[in-house]
Structure formats: C-alpha cells, structure tokens
$ cat work02.cif   # mmCIF, C-alpha atoms
data_query
#
loop_
_atom_site.group_PDB
_atom_site.id
_atom_site.type_symbol
_atom_site.label_atom_id
_atom_site.label_comp_id
_atom_site.auth_asym_id
_atom_site.auth_seq_id
_atom_site.Cartn_x
_atom_site.Cartn_y
_atom_site.Cartn_z
ATOM 1 C CA MET J 1 50.082 45.449 -156.934
ATOM 2 C CA THR J 2 53.479 45.427 -155.237
ATOM 3 C CA LEU J 3 56.717 46.210 -157.055
ATOM 4 C CA ARG J 4 57.702 42.541 -156.977
ATOM 5 C CA GLN J 5 54.344 41.540 -158.471
ATOM 6 C CA ALA J 6 54.850 44.107 -161.221
ATOM 7 C CA GLU J 7 58.279 42.677 -161.961
ATOM 8 C CA GLN J 8 56.800 39.180 -162.202
ATOM 9 C CA ARG J 9 54.153 40.452 -164.568
ATOM 10 C CA ILE J 10 56.679 41.870 -167.025
ATOM 11 C CA ARG J 11 59.081 38.918 -166.700
ATOM 12 C CA PRO J 12 57.829 37.183 -169.922
ATOM 13 C CA LEU J 13 58.949 40.194 -171.963
ATOM 14 C CA PHE J 14 62.613 39.340 -171.392
ATOM 15 C CA ALA J 15 64.020 36.133 -172.853
ATOM 16 C CA ALA J 16 67.102 35.861 -170.623
ATOM 17 C CA PRO J 17 66.931 35.818 -166.799
ATOM 18 C CA SER J 18 69.900 38.191 -166.671
ATOM 19 C CA VAL J 19 68.050 40.776 -168.771
ATOM 20 C CA ALA J 20 64.962 40.426 -166.576
ATOM 21 C CA ALA J 21 67.153 40.963 -163.497
ATOM 22 C CA SER J 22 68.592 44.120 -165.079
ATOM 23 C CA ALA J 23 65.069 45.361 -165.811
ATOM 24 C CA ASN J 24 64.105 44.773 -162.173
ATOM 25 C CA ALA J 25 67.187 46.665 -161.004
ATOM 26 C CA PHE J 26 66.307 49.473 -163.399
ATOM 27 C CA LEU J 27 62.819 49.757 -161.875
ATOM 28 C CA ASP J 28 64.221 49.639 -158.347
ATOM 29 C CA GLY J 29 66.591 52.465 -159.221
ATOM 30 C CA LEU J 30 63.883 54.643 -160.750
ATOM 31 C CA LEU J 31 61.802 54.326 -157.589
ATOM 32 C CA GLY J 32 64.755 54.861 -155.274
ATOM 33 C CA GLY J 33 65.515 57.903 -153.194
ATOM 34 C CA GLU J 34 68.299 59.360 -155.357
ATOM 35 C CA ARG J 35 67.438 62.837 -156.613
ATOM 36 C CA ARG J 36 69.209 62.306 -159.948
ATOM 37 C CA LYS J 37 68.552 59.094 -161.846
ATOM 38 C CA THR J 38 71.735 58.742 -163.904
ATOM 39 C CA SER J 39 72.894 55.288 -164.990
ATOM 40 C CA TRP J 40 75.864 55.454 -162.646
ATOM 41 C CA MET J 41 73.729 56.406 -159.652
ATOM 42 C CA ARG J 42 71.144 53.707 -160.375
ATOM 43 C CA ALA J 43 73.919 51.142 -160.765
ATOM 44 C CA GLU J 44 75.545 52.179 -157.502
ATOM 45 C CA ALA J 45 72.209 51.951 -155.672
ATOM 46 C CA GLY J 46 71.681 48.473 -157.123
ATOM 47 C CA GLY J 47 75.146 47.232 -156.217
ATOM 48 C CA ASP J 48 76.451 46.996 -159.803
ATOM 49 C CA PRO J 49 80.102 47.893 -160.511
ATOM 50 C CA GLY J 50 79.053 50.089 -163.433
ATOM 51 C CA PRO J 51 76.054 51.269 -165.466
ATOM 52 C CA TRP J 52 76.464 48.804 -168.341
ATOM 53 C CA ARG J 53 73.745 46.330 -167.371
ATOM 54 C CA GLN J 54 71.106 48.998 -166.986
ATOM 55 C CA GLN J 55 72.247 50.845 -170.104
ATOM 56 C CA ALA J 56 71.855 47.591 -172.017
ATOM 57 C CA ILE J 57 68.150 47.533 -171.122
ATOM 58 C CA LEU J 58 67.683 50.860 -172.879
ATOM 59 C CA GLY J 59 69.972 50.376 -175.851
ATOM 60 C CA ARG J 60 71.167 46.854 -176.597
ATOM 61 C CA ALA J 61 68.768 44.294 -175.146
ATOM 62 C CA HIS J 62 65.942 43.076 -177.377
ATOM 63 C CA TRP J 63 62.477 43.361 -175.821
ATOM 64 C CA ASP J 64 59.094 44.613 -177.006
ATOM 65 C CA ALA J 65 58.247 48.056 -175.674
ATOM 66 C CA GLU J 66 54.748 47.843 -177.156
ATOM 67 C CA ALA J 67 54.143 44.602 -175.261
ATOM 68 C CA LEU J 68 55.187 46.382 -172.063
ATOM 69 C CA ARG J 69 52.710 49.145 -172.903
ATOM 70 C CA ASP J 70 49.998 46.495 -173.219
ATOM 71 C CA VAL J 71 50.883 45.005 -169.813
ATOM 72 C CA VAL J 72 50.563 48.448 -168.215
ATOM 73 C CA GLN J 73 47.344 49.175 -170.072
ATOM 74 C CA ASP J 74 45.799 45.853 -169.023
ATOM 75 C CA TYR J 75 46.656 46.491 -165.382
ATOM 76 C CA VAL J 76 45.183 50.005 -165.493
ATOM 77 C CA VAL J 77 41.940 48.643 -166.948
ATOM 78 C CA GLU J 78 41.806 45.877 -164.334
ATOM 79 C CA THR J 79 42.199 48.266 -161.411
ATOM 80 C CA LEU J 80 40.933 51.702 -162.484
ATOM 81 C CA ALA J 81 38.313 51.045 -165.167
ATOM 82 C CA SER J 82 35.049 52.963 -165.141
ATOM 83 C CA PRO J 83 32.321 53.253 -167.826
ATOM 84 C CA ASN J 84 32.641 57.031 -167.442
ATOM 85 C CA GLY J 85 36.435 57.028 -167.661
ATOM 86 C CA MET J 86 38.383 59.477 -169.778
ATOM 87 C CA VAL J 87 41.355 59.281 -172.119
ATOM 88 C CA VAL J 88 43.333 62.504 -171.725
ATOM 89 C CA ILE J 89 45.929 63.502 -174.319
ATOM 90 C CA ASP J 90 48.820 65.859 -173.638
ATOM 91 C CA GLU J 91 52.491 66.186 -174.421
ATOM 92 C CA THR J 92 55.525 67.138 -172.399
ATOM 93 C CA GLY J 93 59.080 68.105 -173.250
ATOM 94 C CA PHE J 94 62.259 66.499 -171.982
ATOM 95 C CA LEU J 95 65.091 69.029 -171.946
ATOM 96 C CA LYS J 96 68.312 67.874 -173.602
ATOM 97 C CA GLN J 97 71.786 69.328 -174.086
ATOM 98 C CA GLY J 98 73.078 67.265 -177.003
ATOM 99 C CA LYS J 99 71.929 66.342 -180.514
ATOM 100 C CA ALA J 100 72.063 62.530 -180.383
ATOM 101 C CA SER J 101 68.852 61.705 -178.500
ATOM 102 C CA CYS J 102 66.143 60.492 -180.878
ATOM 103 C CA GLY J 103 63.793 63.320 -181.882
ATOM 104 C CA VAL J 104 65.757 66.024 -180.105
ATOM 105 C CA GLY J 105 65.769 69.531 -181.541
ATOM 106 C CA GLY J 106 64.775 73.126 -181.019
ATOM 107 C CA GLN J 107 61.020 73.071 -180.355
ATOM 108 C CA TYR J 108 58.521 74.613 -177.984
ATOM 109 C CA THR J 109 57.824 72.861 -174.708
ATOM 110 C CA GLY J 110 55.657 73.946 -171.830
ATOM 111 C CA SER J 111 58.247 72.372 -169.522
ATOM 112 C CA ALA J 112 60.472 75.375 -170.214
ATOM 113 C CA GLY J 113 57.854 77.810 -171.520
ATOM 114 C CA LYS J 114 59.884 78.497 -174.649
ATOM 115 C CA ILE J 115 61.553 76.991 -177.718
ATOM 116 C CA THR J 116 64.543 75.020 -176.540
ATOM 117 C CA ASN J 117 66.519 71.838 -177.218
ATOM 118 C CA CYS J 118 64.300 68.942 -176.154
ATOM 119 C CA GLN J 119 62.395 65.801 -177.032
ATOM 120 C CA ILE J 120 58.598 65.888 -177.177
ATOM 121 C CA ARG J 121 56.483 62.900 -176.206
ATOM 122 C CA VAL J 122 52.721 62.724 -176.543
ATOM 123 C CA PHE J 123 51.000 60.759 -173.765
ATOM 124 C CA ALA J 124 47.595 59.184 -173.231
ATOM 125 C CA ALA J 125 46.398 58.927 -169.630
ATOM 126 C CA TYR J 126 43.392 57.032 -168.351
ATOM 127 C CA VAL J 127 41.383 58.959 -165.765
ATOM 128 C CA SER J 128 38.518 57.619 -163.656
ATOM 129 C CA ASP J 129 36.995 58.218 -160.242
ATOM 130 C CA GLN J 130 39.509 55.651 -158.940
ATOM 131 C CA CYS J 131 42.748 57.346 -160.004
ATOM 132 C CA HIS J 132 44.718 58.124 -163.168
ATOM 133 C CA ALA J 133 47.617 56.463 -164.978
ATOM 134 C CA PHE J 134 49.449 56.557 -168.297
ATOM 135 C CA ILE J 135 48.377 53.924 -170.827
ATOM 136 C CA ASP J 136 50.261 54.925 -173.983
ATOM 137 C CA ARG J 137 52.952 57.205 -175.392
ATOM 138 C CA ARG J 138 54.422 58.295 -178.713
ATOM 139 C CA LEU J 139 57.695 60.086 -179.463
ATOM 140 C CA TYR J 140 57.232 63.099 -181.733
ATOM 141 C CA LEU J 141 59.804 63.155 -184.538
ATOM 142 C CA PRO J 142 60.201 66.562 -186.253
ATOM 143 C CA LYS J 143 60.681 66.725 -190.030
ATOM 144 C CA ALA J 144 64.358 67.465 -189.410
ATOM 145 C CA TRP J 145 64.545 63.866 -188.202
ATOM 146 C CA THR J 146 62.148 62.024 -190.498
ATOM 147 C CA GLY J 147 63.740 63.769 -193.486
ATOM 148 C CA ASP J 148 67.211 62.501 -192.517
ATOM 149 C CA PRO J 149 67.388 58.695 -193.073
ATOM 150 C CA ALA J 150 70.966 58.447 -191.793
ATOM 151 C CA ARG J 151 70.036 60.122 -188.532
ATOM 152 C CA MET J 152 67.008 57.831 -188.176
ATOM 153 C CA ARG J 153 69.145 54.724 -188.749
ATOM 154 C CA THR J 154 71.718 55.864 -186.195
ATOM 155 C CA THR J 155 69.046 55.957 -183.484
ATOM 156 C CA HIS J 156 67.439 52.689 -184.673
ATOM 157 C CA VAL J 157 64.102 54.206 -185.684
ATOM 158 C CA PRO J 158 62.111 51.574 -187.650
ATOM 159 C CA GLU J 159 62.038 52.269 -191.382
ATOM 160 C CA ALA J 160 58.231 52.282 -191.392
ATOM 161 C CA ILE J 161 58.119 55.391 -189.181
ATOM 162 C CA ASN J 162 57.312 58.584 -191.097
ATOM 163 C CA PHE J 163 56.549 62.133 -190.041
ATOM 164 C CA ALA J 164 53.342 62.421 -188.027
ATOM 165 C CA THR J 165 51.860 65.510 -186.406
ATOM 166 C CA LYS J 166 51.062 65.476 -182.708
ATOM 167 C CA PRO J 167 47.304 65.203 -183.427
ATOM 168 C CA LYS J 168 47.989 62.157 -185.617
ATOM 169 C CA LEU J 169 50.008 60.569 -182.819
ATOM 170 C CA ALA J 170 47.119 61.270 -180.455
ATOM 171 C CA LEU J 171 44.639 59.793 -182.924
ATOM 172 C CA ALA J 172 46.705 56.607 -183.171
ATOM 173 C CA MET J 173 46.664 56.231 -179.378
ATOM 174 C CA ILE J 174 42.900 56.781 -179.166
ATOM 175 C CA GLU J 175 42.325 54.216 -181.910
ATOM 176 C CA TRP J 176 44.584 51.757 -180.085
ATOM 177 C CA ALA J 177 42.647 52.278 -176.832
ATOM 178 C CA LEU J 178 39.416 51.581 -178.712
ATOM 179 C CA GLN J 179 40.887 48.479 -180.315
ATOM 180 C CA ALA J 180 42.106 47.264 -176.902
ATOM 181 C CA LYS J 181 38.570 47.835 -175.522
ATOM 182 C CA VAL J 182 39.690 50.288 -172.857
ATOM 183 C CA PRO J 183 36.407 51.423 -171.256
ATOM 184 C CA PHE J 184 36.009 55.187 -171.543
ATOM 185 C CA ALA J 185 33.269 57.674 -172.340
ATOM 186 C CA TRP J 186 35.273 60.844 -172.957
ATOM 187 C CA VAL J 187 38.385 62.106 -174.738
ATOM 188 C CA ALA J 188 39.968 65.376 -173.609
ATOM 189 C CA ALA J 189 42.910 67.359 -174.995
ATOM 190 C CA ASP J 190 44.113 70.948 -175.305
ATOM 191 C CA SER J 191 44.168 73.305 -178.278
ATOM 192 C CA ILE J 192 47.036 71.609 -180.121
ATOM 193 C CA TYR J 193 44.789 68.605 -180.701
ATOM 194 C CA GLY J 194 41.450 70.297 -181.349
ATOM 195 C CA LEU J 195 42.337 71.389 -184.875
ATOM 196 C CA GLY J 196 43.194 68.026 -186.439
ATOM 197 C CA GLU J 197 41.338 64.809 -187.158
ATOM 198 C CA ILE J 198 41.435 63.628 -183.561
ATOM 199 C CA GLU J 199 37.667 63.964 -183.085
ATOM 200 C CA LEU J 200 36.977 61.371 -185.798
ATOM 201 C CA ALA J 201 37.863 58.344 -183.652
ATOM 202 C CA PRO J 202 35.646 59.160 -180.648
ATOM 203 C CA ARG J 203 32.817 60.363 -182.896
ATOM 204 C CA ARG J 204 32.784 57.129 -184.896
ATOM 205 C CA SER J 205 32.763 55.136 -181.655
ATOM 206 C CA TYR J 206 30.011 57.249 -180.044
ATOM 207 C CA LYS J 207 32.376 58.707 -177.456
ATOM 208 C CA SER J 208 32.095 62.260 -176.161
ATOM 209 C CA TYR J 209 35.054 64.618 -176.446
ATOM 210 C CA VAL J 210 36.285 67.998 -175.230
ATOM 211 C CA LEU J 211 39.067 69.374 -177.428
ATOM 212 C CA GLY J 212 40.482 72.849 -177.013
ATOM 213 C CA VAL J 213 40.867 75.193 -179.989
ATOM 214 C CA THR J 214 42.683 78.485 -180.465
ATOM 215 C CA GLY J 215 40.974 81.878 -180.475
ATOM 216 C CA GLN J 216 41.427 82.083 -184.252
ATOM 217 C CA HIS J 217 39.553 78.836 -184.994
ATOM 218 C CA ARG J 218 36.387 79.267 -187.044
ATOM 219 C CA PHE J 219 33.338 77.063 -186.484
#
$ encode --input "work02.cif" --output "structure tokens"
Amino acid sequence: MTLRQAEQRIRPLFAAPSVAASANAFLDGLLGGERRKTSWMRAEAGGDPGPWRQQAILGRAHWDAEALRDVVQDYVVETLASPNGMVVIDETGFLKQGKASCGVGGQYTGSAGKITNCQIRVFAAYVSDQCHAFIDRRLYLPKAWTGDPARMRTTHVPEAINFATKPKLALAMIEWALQAKVPFAWVAADSIYGLGEIELAPRRSYKSYVLGVTGQHRF
C-alpha cells in the first residue's frame, strides 16, 4: 500500500474535506525527513503558515480514533496474517516535561531506565513470518489521574474510563483481537503481564501463550 492509498483508506473517518487534508498533511509530516516532529516543523514542511491545522487534528477535530485502529488492524490482517501469528504485548514510555499531557506523571519507563515524568502506553503488535505491525494501543492512566475528575475532564477523558492496570489493558486488547477475528496462535508478553488475568483470554480461546513472571512468583 502506498501512502496515498493509505490516505484514501482513512478518508471516510473525516467528515470535512479540509480535516481529511489536514490529516494527510499530518501523515506526510510524520514520514518526512525532519529530525524533530514539532507542529511548527510539520506545518512548515507542508507549506502551512502555522501549526493550527495539524494541531486541530489532535485536539479539536472530531474523528473516531478507534475506527482508525480498526482500519489499521484490517490492513495488517489482509497483508501479514498467518495461522501461526503472534500478538505481542509491551509498553513504552514517552518522556514529558510538563504536567498537562493526559496520563503524565512520575513512573518507571524502560525508555529512560528509571522513574521519570512520562506517559505510558501499552501496545499490541501482530507478528508473523511476513513482518510485524502495531494493531492496538491503550494509554495507561495512573490513579493520580483517574482519582482526579477535574484533571480527567480537562484532558477530555471519557467519563466511562476508570483505573485499569497494565495487564487489564493488555487483556482488553487481546479480547478485542479475538473479537475482530485476528488470526493468531500465540500471545507473548514480559513479566509485568504474566502475573495478572491476561492468560484467561488466550486459554479460553485455545491459544498458546508465553508470559514472563518475576523470580518471586510461585507456581
């Protein structure tokens, strides 16, 4: 699939042509040669007088991020699917300097190898003998966030969102992959996820799994 074909595929997610054009420019900027992907730099590369159009995609325009996830997931299944495929769960940290980004706080991230100010996102990747690609993601919200309704409202977190551990976020993504009939035979994750209920979903669906545990875990 070319970039232009990808842009055509996601076009129905945006009601207005102008918003779709901004989304295309946003993608072009992310894949451009600039080393830093700030809004100003992406706008300059796209020929915009300022970053407002691309910032609107992330903050003000109304479009369904879950529907975009489904488009990506469908394409991955179409091109990379294998009966022996794997769903691999892992998280990564995004280092931040301020306090306004949703879910930000002092927490451990392997990206820095220490506790630092960051966001944590849990990802699901599909892996086969063809290649690998992300098919889902969840933002981890610490209790400092879910226990602060005003802070949640400020960042437009839906009211239905409550605190969920990283294993529960992983479990939700595995269950969604099963519901979407993503073809896979294995689930793999590291020791953070081997101590929760994550094994229930693959076990009930007759999938194999390899989940790491800590040295203190008792069998």
$ resolve_selection --input "work02.cif" --expression "the PyMOL selection byres ((chain J and resi 2-6) around 10)" --output "ChimeraX atom specification"
/J:1,7-11,24,27-28,31,71-72,75
$ resolve_selection --input "work02.cif" --expression "the PyMOL selection byres ((chain J and resi 103-114) around 10)" --output "ChimeraX atom specification"
/J:91-102,115-121,139-146,151-152,155,157
$ resolve_selection --input "work02.cif" --expression "the PyMOL selection byres ((chain J and resi 210) around 6)" --output "ChimeraX atom specification"
/J:188,209,211
$ closest_residue --input "work02.cif" --among "J:Asp129, J:Asp148, J:Glu175, J:Glu78" --to "Ala201 of chain J" --atoms "all atoms listed in the file"
J:Glu175
$ residues_around --input "work02.cif" --residues "His217 of chain J" --least-positions-apart "2" --cutoff "12 Å" --atoms "all atoms listed in the file" --output "number ranges by chain"
J: 191-192, 194-196, 212-215, 219
$ write_last_selection --input "work02.cif" --atoms "C-alpha atoms" --output "short mmCIF file (atom, residue, chain, number, x, y, z; two decimals), keeping the file's coordinate frame"
data_model
loop_
_atom_site.label_atom_id
_atom_site.label_comp_id
_atom_site.auth_asym_id
_atom_site.auth_seq_id
_atom_site.Cartn_x
_atom_site.Cartn_y
_atom_site.Cartn_z
CA SER J 191 44.17 73.31 -178.28
CA ILE J 192 47.04 71.61 -180.12
CA GLY J 194 41.45 70.30 -181.35
CA LEU J 195 42.34 71.39 -184.88
CA GLY J 196 43.19 68.03 -186.44
CA GLY J 212 40.48 72.85 -177.01
CA VAL J 213 40.87 75.19 -179.99
CA THR J 214 42.68 78.48 -180.46
CA GLY J 215 40.97 81.88 -180.48
CA PHE J 219 33.34 77.06 -186.48
#
$ closest_residue --input "work02.cif" --among "J:Ile57, J:Met41, J:Leu13, J:Ala150" --to "Arg69 of chain J" --atoms "all atoms listed in the file"
J:Leu13
$ atom_distance --input "work02.cif" --atom1 "atom CA of Ala177 of chain J" --atom2 "atom CA of Met86 of chain J"
10.9 Å
$ atom_distance --input "work02.cif" --atom1 "atom CA of Ala15 of chain J" --atom2 "atom CA of Val76 of chain J"
24.5 Å
$ atom_distance --input "work02.cif" --atom1 "atom CA of Val122 of chain J" --atom2 "atom CA of Arg203 of chain J"
21.0 Å
$ closest_atom_pairs --input "work02.cif" --of "segment 47-164 of chain J" --to "segment 17-23 of chain J" --cutoff "10 Å" --atoms "all atoms listed in the file" --output "tab-separated table"
residue	atom	partner	partner_atom	distance
J:Asp48	CA	J:Ser22	CA	9.9
J:Trp52	CA	J:Ser22	CA	9.7
J:Arg53	CA	J:Ser22	CA	6.1
J:Gln54	CA	J:Ser22	CA	5.8
J:Gln55	CA	J:Ser22	CA	9.2
J:Ala56	CA	J:Ser22	CA	8.4
J:Ile57	CA	J:Ala23	CA	6.5
J:Leu58	CA	J:Ala23	CA	9.3
J:Ala61	CA	J:Val19	CA	7.3
J:His62	CA	J:Val19	CA	9.2
J:Trp63	CA	J:Val19	CA	9.4
$ closest_residue --input "work02.cif" --among "J:Gly59, J:Pro183, J:Pro202, J:Pro51" --to "Tyr126 of chain J" --atoms "only C-alpha atoms"
J:Pro183
$ closest_residue --input "work02.cif" --among "J:Glu159, J:Asp136, J:Glu34, J:Glu44" --to "Asp74 of chain J" --atoms "all atoms listed in the file"
J:Asp136
$ closest_residue --input "work02.cif" --among "J:Pro12, J:Gly85, J:Gly47, J:Pro167" --to "Gly29 of chain J" --atoms "only C-alpha atoms"
J:Gly47
$ closest_residue --input "work02.cif" --among "J:Pro149, J:Lys37, J:Asp70, J:Gln179" --to "Arg137 of chain J" --atoms "all atoms listed in the file"
J:Asp70
$ decode --input "work02.cif" --residues "segment 61-89 of chain J" --atoms "C-alpha atoms" --output "mmCIF file, in the first residue's frame"
data_model
loop_
_atom_site.group_PDB
_atom_site.id
_atom_site.type_symbol
_atom_site.label_atom_id
_atom_site.label_comp_id
_atom_site.auth_asym_id
_atom_site.auth_seq_id
_atom_site.Cartn_x
_atom_site.Cartn_y
_atom_site.Cartn_z
ATOM 1 C CA ALA J 61 -11.392 17.927 15.200
ATOM 2 C CA HIS J 62 -13.957 15.187 15.800
ATOM 3 C CA TRP J 63 -12.971 11.780 14.412
ATOM 4 C CA ASP J 64 -13.023 8.222 15.736
ATOM 5 C CA ALA J 65 -9.607 7.006 16.831
ATOM 6 C CA GLU J 66 -10.971 3.504 17.430
ATOM 7 C CA ALA J 67 -12.241 3.386 13.848
ATOM 8 C CA LEU J 68 -8.747 4.329 12.672
ATOM 9 C CA ARG J 69 -7.368 1.494 14.801
ATOM 10 C CA ASP J 70 -9.769 -0.877 13.042
ATOM 11 C CA VAL J 71 -8.630 0.326 9.599
ATOM 12 C CA VAL J 72 -5.005 -0.357 10.550
ATOM 13 C CA GLN J 73 -5.880 -3.715 12.067
ATOM 14 C CA ASP J 74 -7.825 -4.788 8.972
ATOM 15 C CA TYR J 75 -4.923 -3.870 6.706
ATOM 16 C CA VAL J 76 -2.432 -5.775 8.874
ATOM 17 C CA VAL J 77 -4.632 -8.878 8.747
ATOM 18 C CA GLU J 78 -5.044 -8.559 4.975
ATOM 19 C CA THR J 79 -1.310 -8.349 4.325
ATOM 20 C CA LEU J 80 0.513 -10.077 7.197
ATOM 21 C CA ALA J 81 -1.906 -12.702 8.524
ATOM 22 C CA SER J 82 -0.659 -16.175 9.366
ATOM 23 C CA PRO J 83 -2.368 -19.025 11.288
ATOM 24 C CA ASN J 84 0.767 -19.165 13.449
ATOM 25 C CA GLY J 85 0.885 -15.413 14.038
ATOM 26 C CA MET J 86 1.504 -13.873 17.432
ATOM 27 C CA VAL J 87 0.044 -10.998 19.419
ATOM 28 C CA VAL J 88 2.880 -9.424 21.403
ATOM 29 C CA ILE J 89 2.134 -7.081 24.304
#
